[in-house]
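Source file: work_20.pdb; contents: PDB, C-alpha atoms and all ligand atoms.
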ATOM      1  CA  MET K  29     121.701 203.194 136.196  1.00  0.00           C
ATOM      2  CA  ASP K  30     121.079 205.623 133.333  1.00  0.00           C
ATOM      3  CA  ILE K  31     122.992 208.764 134.194  1.00  0.00           C
ATOM      4  CA  LYS K  32     122.403 210.189 130.707  1.00  0.00           C
ATOM      5  CA  ALA K  33     118.681 210.314 131.451  1.00  0.00           C
ATOM      6  CA  LEU K  34     119.144 212.587 134.472  1.00  0.00           C
ATOM      7  CA  ARG K  35     117.772 215.914 133.320  1.00  0.00           C
ATOM      8  CA  ASN K  36     116.360 219.001 135.021  1.00  0.00           C
ATOM      9  CA  GLU K  37     114.667 222.029 133.584  1.00  0.00           C
ATOM     10  CA  TYR K  38     115.708 225.263 135.279  1.00  0.00           C
ATOM     11  CA  LYS K  39     112.834 227.644 135.804  1.00  0.00           C
ATOM     12  CA  LYS K  40     113.334 229.412 139.085  1.00  0.00           C
ATOM     13  CA  GLY K  41     114.768 232.738 137.988  1.00  0.00           C
ATOM     14  CA  LYS K  42     116.114 235.169 135.429  1.00  0.00           C
ATOM     15  CA  LEU K  43     119.138 237.398 135.273  1.00  0.00           C
ATOM     16  CA  LYS K  44     118.213 240.466 133.250  1.00  0.00           C
ATOM     17  CA  ASP K  45     120.863 242.902 132.041  1.00  0.00           C
ATOM     18  CA  ASP K  46     119.070 245.830 133.672  1.00  0.00           C
ATOM     19  CA  SER K  47     118.602 244.027 136.993  1.00  0.00           C
ATOM     20  CA  VAL K  48     122.248 243.338 137.856  1.00  0.00           C
ATOM     21  CA  TYR K  49     124.337 245.700 139.955  1.00  0.00           C
ATOM     22  CA  GLU K  50     127.262 247.513 138.325  1.00  0.00           C
ATOM     23  CA  ASN K  51     129.403 246.239 141.185  1.00  0.00           C
ATOM     24  CA  PRO K  52     129.713 242.416 141.264  1.00  0.00           C
ATOM     25  CA  VAL K  53     130.333 242.410 145.018  1.00  0.00           C
ATOM     26  CA  LYS K  54     126.876 243.981 145.462  1.00  0.00           C
ATOM     27  CA  GLN K  55     125.447 241.391 143.078  1.00  0.00           C
ATOM     28  CA  PHE K  56     127.143 238.625 145.086  1.00  0.00           C
ATOM     29  CA  GLU K  57     125.796 240.100 148.319  1.00  0.00           C
ATOM     30  CA  LYS K  58     122.251 240.028 146.937  1.00  0.00           C
ATOM     31  CA  TRP K  59     122.528 236.412 145.804  1.00  0.00           C
ATOM     32  CA  PHE K  60     124.288 235.357 149.008  1.00  0.00           C
ATOM     33  CA  GLU K  61     121.529 236.889 151.135  1.00  0.00           C
ATOM     34  CA  GLN K  62     118.952 235.049 149.030  1.00  0.00           C
ATOM     35  CA  ALA K  63     120.912 231.808 149.459  1.00  0.00           C
ATOM     36  CA  LEU K  64     120.968 232.327 153.241  1.00  0.00           C
ATOM     37  CA  SER K  65     117.275 233.126 153.443  1.00  0.00           C
ATOM     38  CA  SER K  66     116.344 230.110 151.322  1.00  0.00           C
ATOM     39  CA  GLU K  67     117.856 227.976 154.103  1.00  0.00           C
ATOM     40  CA  ILE K  68     120.397 226.250 151.913  1.00  0.00           C
ATOM     41  CA  GLN K  69     122.615 224.194 154.206  1.00  0.00           C
ATOM     42  CA  ASP K  70     126.162 225.574 154.185  1.00  0.00           C
ATOM     43  CA  ALA K  71     125.352 228.373 151.729  1.00  0.00           C
ATOM     44  CA  ASN K  72     128.859 229.672 152.485  1.00  0.00           C
ATOM     45  CA  ALA K  73     130.532 226.442 151.312  1.00  0.00           C
ATOM     46  CA  MET K  74     132.527 227.066 148.146  1.00  0.00           C
ATOM     47  CA  SER K  75     134.756 225.034 145.899  1.00  0.00           C
ATOM     48  CA  PHE K  76     138.191 226.601 145.938  1.00  0.00           C
ATOM     49  CA  ALA K  77     140.636 225.795 143.155  1.00  0.00           C
ATOM     50  CA  THR K  78     144.364 226.328 143.111  1.00  0.00           C
ATOM     51  CA  ALA K  79     147.085 225.066 140.806  1.00  0.00           C
ATOM     52  CA  THR K  80     150.733 224.161 140.959  1.00  0.00           C
ATOM     53  CA  ILE K  81     153.177 226.446 139.164  1.00  0.00           C
ATOM     54  CA  ASP K  82     153.181 224.032 136.219  1.00  0.00           C
ATOM     55  CA  GLY K  83     149.404 224.216 135.931  1.00  0.00           C
ATOM     56  CA  LYS K  84     148.193 221.063 137.697  1.00  0.00           C
ATOM     57  CA  PRO K  85     144.870 222.061 139.283  1.00  0.00           C
ATOM     58  CA  SER K  86     143.313 220.920 142.569  1.00  0.00           C
ATOM     59  CA  VAL K  87     139.995 221.798 144.158  1.00  0.00           C
ATOM     60  CA  ARG K  88     138.375 221.380 147.561  1.00  0.00           C
ATOM     61  CA  THR K  89     135.492 222.805 149.621  1.00  0.00           C
ATOM     62  CA  VAL K  90     136.147 225.573 152.152  1.00  0.00           C
ATOM     63  CA  LEU K  91     133.846 227.905 154.079  1.00  0.00           C
ATOM     64  CA  LEU K  92     133.593 231.583 153.161  1.00  0.00           C
ATOM     65  CA  LYS K  93     134.021 233.579 156.369  1.00  0.00           C
ATOM     66  CA  GLU K  94     134.002 237.143 155.096  1.00  0.00           C
ATOM     67  CA  PHE K  95     133.585 239.108 151.875  1.00  0.00           C
ATOM     68  CA  ASP K  96     133.595 242.746 150.880  1.00  0.00           C
ATOM     69  CA  GLU K  97     135.215 245.055 148.315  1.00  0.00           C
ATOM     70  CA  ASN K  98     138.614 243.839 149.524  1.00  0.00           C
ATOM     71  CA  GLY K  99     138.023 240.187 148.763  1.00  0.00           C
ATOM     72  CA  PHE K 100     136.746 236.769 149.824  1.00  0.00           C
ATOM     73  CA  VAL K 101     138.227 235.196 152.959  1.00  0.00           C
ATOM     74  CA  PHE K 102     138.524 231.639 154.280  1.00  0.00           C
ATOM     75  CA  PHE K 103     140.758 230.009 156.910  1.00  0.00           C
ATOM     76  CA  THR K 104     142.979 226.984 156.678  1.00  0.00           C
ATOM     77  CA  ASN K 105     146.375 225.439 157.362  1.00  0.00           C
ATOM     78  CA  TYR K 106     149.168 227.243 155.481  1.00  0.00           C
ATOM     79  CA  GLY K 107     151.149 223.986 155.239  1.00  0.00           C
ATOM     80  CA  SER K 108     148.313 222.117 153.505  1.00  0.00           C
ATOM     81  CA  ARG K 109     148.343 221.150 149.839  1.00  0.00           C
ATOM     82  CA  LYS K 110     146.356 224.276 148.947  1.00  0.00           C
ATOM     83  CA  GLY K 111     148.714 226.372 151.106  1.00  0.00           C
ATOM     84  CA  LYS K 112     151.751 225.078 149.239  1.00  0.00           C
ATOM     85  CA  GLU K 113     150.125 225.662 145.865  1.00  0.00           C
ATOM     86  CA  ILE K 114     149.148 229.207 146.838  1.00  0.00           C
ATOM     87  CA  ALA K 115     152.703 229.925 148.046  1.00  0.00           C
ATOM     88  CA  ASP K 116     154.063 228.935 144.613  1.00  0.00           C
ATOM     89  CA  ASN K 117     151.214 230.256 142.474  1.00  0.00           C
ATOM     90  CA  PRO K 118     149.029 232.820 144.276  1.00  0.00           C
ATOM     91  CA  ILE K 119     145.973 232.786 142.028  1.00  0.00           C
ATOM     92  CA  GLY K 120     142.774 230.859 142.542  1.00  0.00           C
ATOM     93  CA  ALA K 121     139.146 230.335 141.656  1.00  0.00           C
ATOM     94  CA  ILE K 122     135.996 230.053 143.755  1.00  0.00           C
ATOM     95  CA  LEU K 123     132.767 228.326 142.805  1.00  0.00           C
ATOM     96  CA  PHE K 124     129.423 228.483 144.538  1.00  0.00           C
ATOM     97  CA  PHE K 125     126.653 226.181 143.304  1.00  0.00           C
ATOM     98  CA  TRP K 126     123.342 226.922 144.991  1.00  0.00           C
ATOM     99  CA  LYS K 127     121.285 224.222 143.345  1.00  0.00           C
ATOM    100  CA  GLU K 128     118.096 225.133 145.217  1.00  0.00           C
ATOM    101  CA  LEU K 129     118.211 228.508 143.427  1.00  0.00           C
ATOM    102  CA  GLU K 130     119.584 227.065 140.163  1.00  0.00           C
ATOM    103  CA  ARG K 131     122.508 229.449 140.477  1.00  0.00           C
ATOM    104  CA  GLN K 132     126.259 229.314 140.127  1.00  0.00           C
ATOM    105  CA  VAL K 133     128.826 232.034 140.882  1.00  0.00           C
ATOM    106  CA  ARG K 134     132.429 231.887 139.690  1.00  0.00           C
ATOM    107  CA  ILE K 135     135.059 234.231 141.135  1.00  0.00           C
ATOM    108  CA  GLU K 136     138.736 234.420 140.152  1.00  0.00           C
ATOM    109  CA  GLY K 137     141.716 236.444 141.268  1.00  0.00           C
ATOM    110  CA  LYS K 138     144.957 236.792 143.148  1.00  0.00           C
ATOM    111  CA  ILE K 139     145.311 235.338 146.633  1.00  0.00           C
ATOM    112  CA  GLU K 140     147.057 236.819 149.630  1.00  0.00           C
ATOM    113  CA  LYS K 141     147.291 235.881 153.305  1.00  0.00           C
ATOM    114  CA  THR K 142     145.060 237.829 155.691  1.00  0.00           C
ATOM    115  CA  SER K 143     146.944 239.950 158.216  1.00  0.00           C
ATOM    116  CA  SER K 144     148.056 238.145 161.362  1.00  0.00           C
ATOM    117  CA  GLY K 145     145.645 240.378 163.303  1.00  0.00           C
ATOM    118  CA  GLU K 146     142.702 239.179 161.191  1.00  0.00           C
ATOM    119  CA  SER K 147     143.773 235.551 161.488  1.00  0.00           C
ATOM    120  CA  ASP K 148     144.234 235.918 165.269  1.00  0.00           C
ATOM    121  CA  ALA K 149     140.794 237.493 165.657  1.00  0.00           C
ATOM    122  CA  TYR K 150     139.089 234.671 163.746  1.00  0.00           C
ATOM    123  CA  PHE K 151     141.116 231.960 165.510  1.00  0.00           C
ATOM    124  CA  ASP K 152     140.203 233.406 168.896  1.00  0.00           C
ATOM    125  CA  SER K 153     136.506 233.346 167.956  1.00  0.00           C
ATOM    126  CA  ARG K 154     136.604 229.545 167.463  1.00  0.00           C
ATOM    127  CA  THR K 155     135.664 227.049 170.162  1.00  0.00           C
ATOM    128  CA  LEU K 156     138.514 225.604 172.248  1.00  0.00           C
ATOM    129  CA  GLU K 157     137.868 222.219 170.598  1.00  0.00           C
ATOM    130  CA  SER K 158     138.264 223.669 167.087  1.00  0.00           C
ATOM    131  CA  ARG K 159     141.355 225.629 168.090  1.00  0.00           C
ATOM    132  CA  ILE K 160     142.950 222.437 169.392  1.00  0.00           C
ATOM    133  CA  SER K 161     142.077 220.616 166.177  1.00  0.00           C
ATOM    134  CA  ALA K 162     143.927 223.319 164.220  1.00  0.00           C
ATOM    135  CA  PHE K 163     146.969 222.586 166.395  1.00  0.00           C
ATOM    136  CA  VAL K 164     146.959 218.827 166.269  1.00  0.00           C
ATOM    137  CA  SER K 165     146.112 218.275 162.589  1.00  0.00           C
ATOM    138  CA  PRO K 166     149.028 218.478 160.144  1.00  0.00           C
ATOM    139  CA  GLN K 167     146.497 219.119 157.379  1.00  0.00           C
ATOM    140  CA  SER K 168     147.087 217.224 154.123  1.00  0.00           C
ATOM    141  CA  GLN K 169     149.966 215.140 155.529  1.00  0.00           C
ATOM    142  CA  ALA K 170     149.782 211.353 155.882  1.00  0.00           C
ATOM    143  CA  ILE K 171     149.214 210.205 159.483  1.00  0.00           C
ATOM    144  CA  PRO K 172     149.581 206.660 160.872  1.00  0.00           C
ATOM    145  CA  ASP K 173     145.901 206.219 161.785  1.00  0.00           C
ATOM    146  CA  ARG K 174     142.882 208.007 163.292  1.00  0.00           C
ATOM    147  CA  LYS K 175     144.018 207.130 166.828  1.00  0.00           C
ATOM    148  CA  TYR K 176     147.160 209.228 166.295  1.00  0.00           C
ATOM    149  CA  LEU K 177     144.977 212.292 165.771  1.00  0.00           C
ATOM    150  CA  GLU K 178     142.569 211.530 168.597  1.00  0.00           C
ATOM    151  CA  ASP K 179     145.414 210.876 171.052  1.00  0.00           C
ATOM    152  CA  ARG K 180     147.049 214.180 170.138  1.00  0.00           C
ATOM    153  CA  TRP K 181     143.721 215.980 170.559  1.00  0.00           C
ATOM    154  CA  SER K 182     142.938 214.355 173.940  1.00  0.00           C
ATOM    155  CA  GLY K 183     146.448 215.116 175.152  1.00  0.00           C
ATOM    156  CA  TYR K 184     146.036 218.771 174.304  1.00  0.00           C
ATOM    157  CA  ILE K 185     142.566 219.185 175.771  1.00  0.00           C
ATOM    158  CA  LYS K 186     143.679 217.653 179.089  1.00  0.00           C
ATOM    159  CA  SER K 187     146.645 219.927 179.456  1.00  0.00           C
ATOM    160  CA  ALA K 188     145.906 223.042 181.464  1.00  0.00           C
ATOM    161  CA  ASP K 189     148.006 225.339 179.317  1.00  0.00           C
ATOM    162  CA  THR K 190     145.596 225.059 176.389  1.00  0.00           C
ATOM    163  CA  VAL K 191     143.409 227.656 178.074  1.00  0.00           C
ATOM    164  CA  GLY K 192     144.084 230.857 176.179  1.00  0.00           C
ATOM    165  CA  ILE K 193     145.632 228.837 173.349  1.00  0.00           C
ATOM    166  CA  SER K 194     146.820 231.168 170.584  1.00  0.00           C
ATOM    167  CA  ARG K 195     146.905 230.716 166.805  1.00  0.00           C
ATOM    168  CA  PRO K 196     149.602 228.411 165.461  1.00  0.00           C
ATOM    169  CA  GLU K 197     151.820 230.117 162.899  1.00  0.00           C
ATOM    170  CA  ASN K 198     150.878 227.652 160.180  1.00  0.00           C
ATOM    171  CA  TRP K 199     147.162 228.437 160.437  1.00  0.00           C
ATOM    172  CA  GLY K 200     145.326 231.514 159.167  1.00  0.00           C
ATOM    173  CA  GLY K 201     143.316 233.164 156.454  1.00  0.00           C
ATOM    174  CA  TYR K 202     143.585 233.713 152.738  1.00  0.00           C
ATOM    175  CA  ARG K 203     141.856 236.468 150.814  1.00  0.00           C
ATOM    176  CA  LEU K 204     141.051 236.104 147.114  1.00  0.00           C
ATOM    177  CA  LEU K 205     141.032 239.521 145.403  1.00  0.00           C
ATOM    178  CA  PRO K 206     138.567 239.153 142.530  1.00  0.00           C
ATOM    179  CA  ASP K 207     139.250 240.416 139.019  1.00  0.00           C
ATOM    180  CA  ARG K 208     136.527 238.279 137.416  1.00  0.00           C
ATOM    181  CA  PHE K 209     133.003 237.231 138.445  1.00  0.00           C
ATOM    182  CA  GLU K 210     130.400 235.252 136.556  1.00  0.00           C
ATOM    183  CA  PHE K 211     126.792 234.872 137.670  1.00  0.00           C
ATOM    184  CA  TRP K 212     124.842 231.985 136.125  1.00  0.00           C
ATOM    185  CA  GLN K 213     121.106 231.537 136.402  1.00  0.00           C
ATOM    186  CA  GLY K 214     119.603 228.369 134.989  1.00  0.00           C
ATOM    187  CA  ARG K 215     116.828 228.946 132.420  1.00  0.00           C
ATOM    188  CA  ALA K 216     114.435 226.795 130.405  1.00  0.00           C
ATOM    189  CA  ASN K 217     115.639 224.880 127.350  1.00  0.00           C
ATOM    190  CA  ARG K 218     119.299 225.284 128.421  1.00  0.00           C
ATOM    191  CA  LEU K 219     119.200 228.978 127.386  1.00  0.00           C
ATOM    192  CA  HIS K 220     120.756 229.998 130.664  1.00  0.00           C
ATOM    193  CA  ASP K 221     121.741 233.541 131.705  1.00  0.00           C
ATOM    194  CA  ARG K 222     125.427 234.283 132.226  1.00  0.00           C
ATOM    195  CA  ILE K 223     126.627 237.718 133.295  1.00  0.00           C
ATOM    196  CA  LEU K 224     130.372 238.305 133.323  1.00  0.00           C
ATOM    197  CA  TYR K 225     132.263 241.071 135.146  1.00  0.00           C
ATOM    198  CA  ILE K 226     135.928 241.724 134.347  1.00  0.00           C
ATOM    199  CA  LYS K 227     137.982 244.319 136.193  1.00  0.00           C
ATOM    200  CA  SER K 228     140.189 246.485 134.057  1.00  0.00           C
ATOM    201  CA  ASN K 229     142.024 249.580 135.336  1.00  0.00           C
ATOM    202  CA  GLY K 230     139.890 249.520 138.476  1.00  0.00           C
ATOM    203  CA  THR K 231     136.575 249.477 136.563  1.00  0.00           C
ATOM    204  CA  TRP K 232     134.176 246.554 136.229  1.00  0.00           C
ATOM    205  CA  ASN K 233     133.113 245.822 132.634  1.00  0.00           C
ATOM    206  CA  ILE K 234     129.921 243.805 132.238  1.00  0.00           C
ATOM    207  CA  SER K 235     128.980 241.479 129.392  1.00  0.00           C
ATOM    208  CA  ARG K 236     126.628 238.588 128.692  1.00  0.00           C
ATOM    209  CA  LEU K 237     128.007 235.195 127.702  1.00  0.00           C
ATOM    210  CA  ALA K 238     126.323 232.534 125.637  1.00  0.00           C
ATOM    211  CA  PRO K 239     125.249 229.611 127.775  1.00  0.00           C
TER     212      PRO K 239
HETATM  213  C1  LIG D 301     131.579 221.593 153.860  1.00  0.00           C
HETATM  214  C2  LIG D 301     133.096 221.617 153.999  1.00  0.00           C
HETATM  215  C3  LIG D 301     133.696 222.731 154.538  1.00  0.00           C
HETATM  216  C4  LIG D 301     135.101 222.777 154.680  1.00  0.00           C
HETATM  217  N1  LIG D 301     135.662 223.930 155.151  1.00  0.00           N
HETATM  218  C5  LIG D 301     137.010 224.014 155.224  1.00  0.00           C
HETATM  219  C6  LIG D 301     137.645 225.237 155.607  1.00  0.00           C
HETATM  220  O1  LIG D 301     136.999 226.278 155.822  1.00  0.00           O
HETATM  221  N2  LIG D 301     139.009 225.230 155.717  1.00  0.00           N
HETATM  222  C7  LIG D 301     139.763 224.126 155.443  1.00  0.00           C
HETATM  223  O2  LIG D 301     140.989 224.197 155.571  1.00  0.00           O
HETATM  224  N3  LIG D 301     139.197 222.973 155.033  1.00  0.00           N
HETATM  225  C8  LIG D 301     137.837 222.887 154.918  1.00  0.00           C
HETATM  226  N4  LIG D 301     137.258 221.715 154.494  1.00  0.00           N
HETATM  227  C9  LIG D 301     138.138 220.557 154.160  1.00  0.00           C
HETATM  228  C10 LIG D 301     138.734 220.774 152.763  1.00  0.00           C
HETATM  229  O3  LIG D 301     137.774 220.466 151.760  1.00  0.00           O
HETATM  230  C11 LIG D 301     140.013 219.942 152.525  1.00  0.00           C
HETATM  231  O4  LIG D 301     139.783 218.583 152.825  1.00  0.00           O
HETATM  232  C12 LIG D 301     141.198 220.428 153.366  1.00  0.00           C
HETATM  233  O5  LIG D 301     141.221 221.847 153.445  1.00  0.00           O
HETATM  234  C13 LIG D 301     142.516 219.931 152.783  1.00  0.00           C
HETATM  235  O6  LIG D 301     142.646 220.391 151.442  1.00  0.00           O
HETATM  236  P1  LIG D 301     144.050 220.414 150.681  1.00  0.00           P
HETATM  237  O7  LIG D 301     144.715 219.100 150.936  1.00  0.00           O
HETATM  238  O8  LIG D 301     143.706 220.620 149.237  1.00  0.00           O
HETATM  239  O9  LIG D 301     144.837 221.584 151.227  1.00  0.00           O
HETATM  240  C14 LIG D 301     135.878 221.663 154.301  1.00  0.00           C
HETATM  241  C15 LIG D 301     135.260 220.537 153.739  1.00  0.00           C
HETATM  242  C16 LIG D 301     133.886 220.529 153.575  1.00  0.00           C
HETATM  243  C17 LIG D 301     133.247 219.331 152.898  1.00  0.00           C
END
Could you render the structure from this file as C-alpha cells?
Ligand SMILES: Cc1cc2nc3c(=O)[nH]c(=O)nc-3n(C[C@H](O)[C@H](O)[C@H](O)COP(=O)(O)O)c2cc1C
Amino acid sequence: MDIKALRNEYKKGKLKDDSVYENPVKQFEKWFEQALSSEIQDANAMSFATATIDGKPSVRTVLLKEFDENGFVFFTNYGSRKGKEIADNPIGAILFFWKELERQVRIEGKIEKTSSGESDAYFDSRTLESRISAFVSPQSQAIPDRKYLEDRWSGYIKSADTVGISRPENWGGYRLLPDRFEFWQGRANRLHDRILYIKSNGTWNISRLAP
C-alpha cells in the first residue's frame, strides 16, 4: 500500500474575494445549501472538537441541527466526555469537510447550553425509539456488554409510562457562538483558496490566508 502516492487535484471551484458574503453565516448558508443539493450523505455531520482545561483535545462527529446568527447547535448527553470537557472549558471548534465539493469550513467559538425549552422542543420531535435511547445510554461510560444496553432499551419500550416520555436532565443541546470562520476551497496545484473571518467588537474582518 503506497499511501504517499494518493493524490488528488482539486478543480471544482473557486473562492474569489469579491464573491464571498461580508457575513460568514450567510457564506456558510450558501455552502451548506450547495452541500445539501449536491446530495452529500450527512452534509450536516461535523467534527466537533473540545479540550480539557489543561489543553488535551478530543474530537468526534455530531450532527448540526440548527444554525443562524446566534450560533451552531447540536444535541448530546451532558454527562458525556464532550459534556464534561465543555463544562470545564467552554470553547470548541467545528469542522465540515464536504469532499464532493472539495470544501472545508472551520468554525470556532464559545459554547453554551441551549435553553431547556429549545432542548425540550428538539427532544420531543425525536421518535419514541430515539428518546428511549437517550434515556438508557450513559453516553461515554463503560458498560458491561451490548446486552446491558439492549435489555435496558427493551425494558423501557415495554413499559406503558414511556408514552409522553420527557427529556432527561442530562440530555440537551449545545450552541457554539462563532468568533472565527474559515472557508477553504481546493484549487489546482495546491494553491487553494482560504478566506478567514474574525469577529472583533461585533464586526467581521475578512482576510485571505496562504494555503
Ligand atoms: C455520523 C455521526 C453522527 C453523530 N451524531 C451525534 C450527535 O448528534 N450527538 C451525539 O451525542 N453523538 C453523535 N455521534 C456519536 C459521537 O461521534 C460520539 O461517539 C459520542 O457523542 C460520544 O462522544 P464523547 O465520548 O466524545 O462525548 C455521531 C456519530 C456519527 C459517526
Polymer residues at most 6 Å from segment 138-146 of chain K, all atoms listed in the file, same-chain spacing of 5 or more positions, as a PyMOL selection string: chain K and resi 118-119+201-205
Explicit residues for the PyMOL selection byres (((chain K and resi 159) around 12) and not hetatm) (as an MDAnalysis selection string): chainID K and resid 104:105 148 150:158 160:165 181 184:185 190:196 199:200
Would you mind listing what lies within 9 Å of Glu37 of chain K as JSON, numbers by chain, with only C-alpha atoms counted and same-chain residues fewer than 4 positions away left out? {"K": [214, 215, 216, 217, 218]}
Create the file for the chosen residues now, containing C-alpha atoms and written as a PDB file, in the frame of the given file.
ATOM      1  CA  GLY K 214     119.603 228.369 134.989  1.00  0.00           C
ATOM      2  CA  ARG K 215     116.828 228.946 132.420  1.00  0.00           C
ATOM      3  CA  ALA K 216     114.435 226.795 130.405  1.00  0.00           C
ATOM      4  CA  ASN K 217     115.639 224.880 127.350  1.00  0.00           C
ATOM      5  CA  ARG K 218     119.299 225.284 128.421  1.00  0.00           C
TER       6      ARG K 218
END
Which protein, DNA or RNA residues have an atom within 10 Å of ligand LIG 301 (chain D), counting only C-alpha atoms and all ligand atoms, as a ChimeraX atom specification? /K:69-78,86-93,101-114,162,166-169,199-201
For Gly41 of chain K, which of K:Leu129, K:Leu219, K:Ala121, K:Leu177 is the closest residue, counting all atoms listed in the file?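 Closest to Gly41 of chain K of all the choices is K:Leu129.
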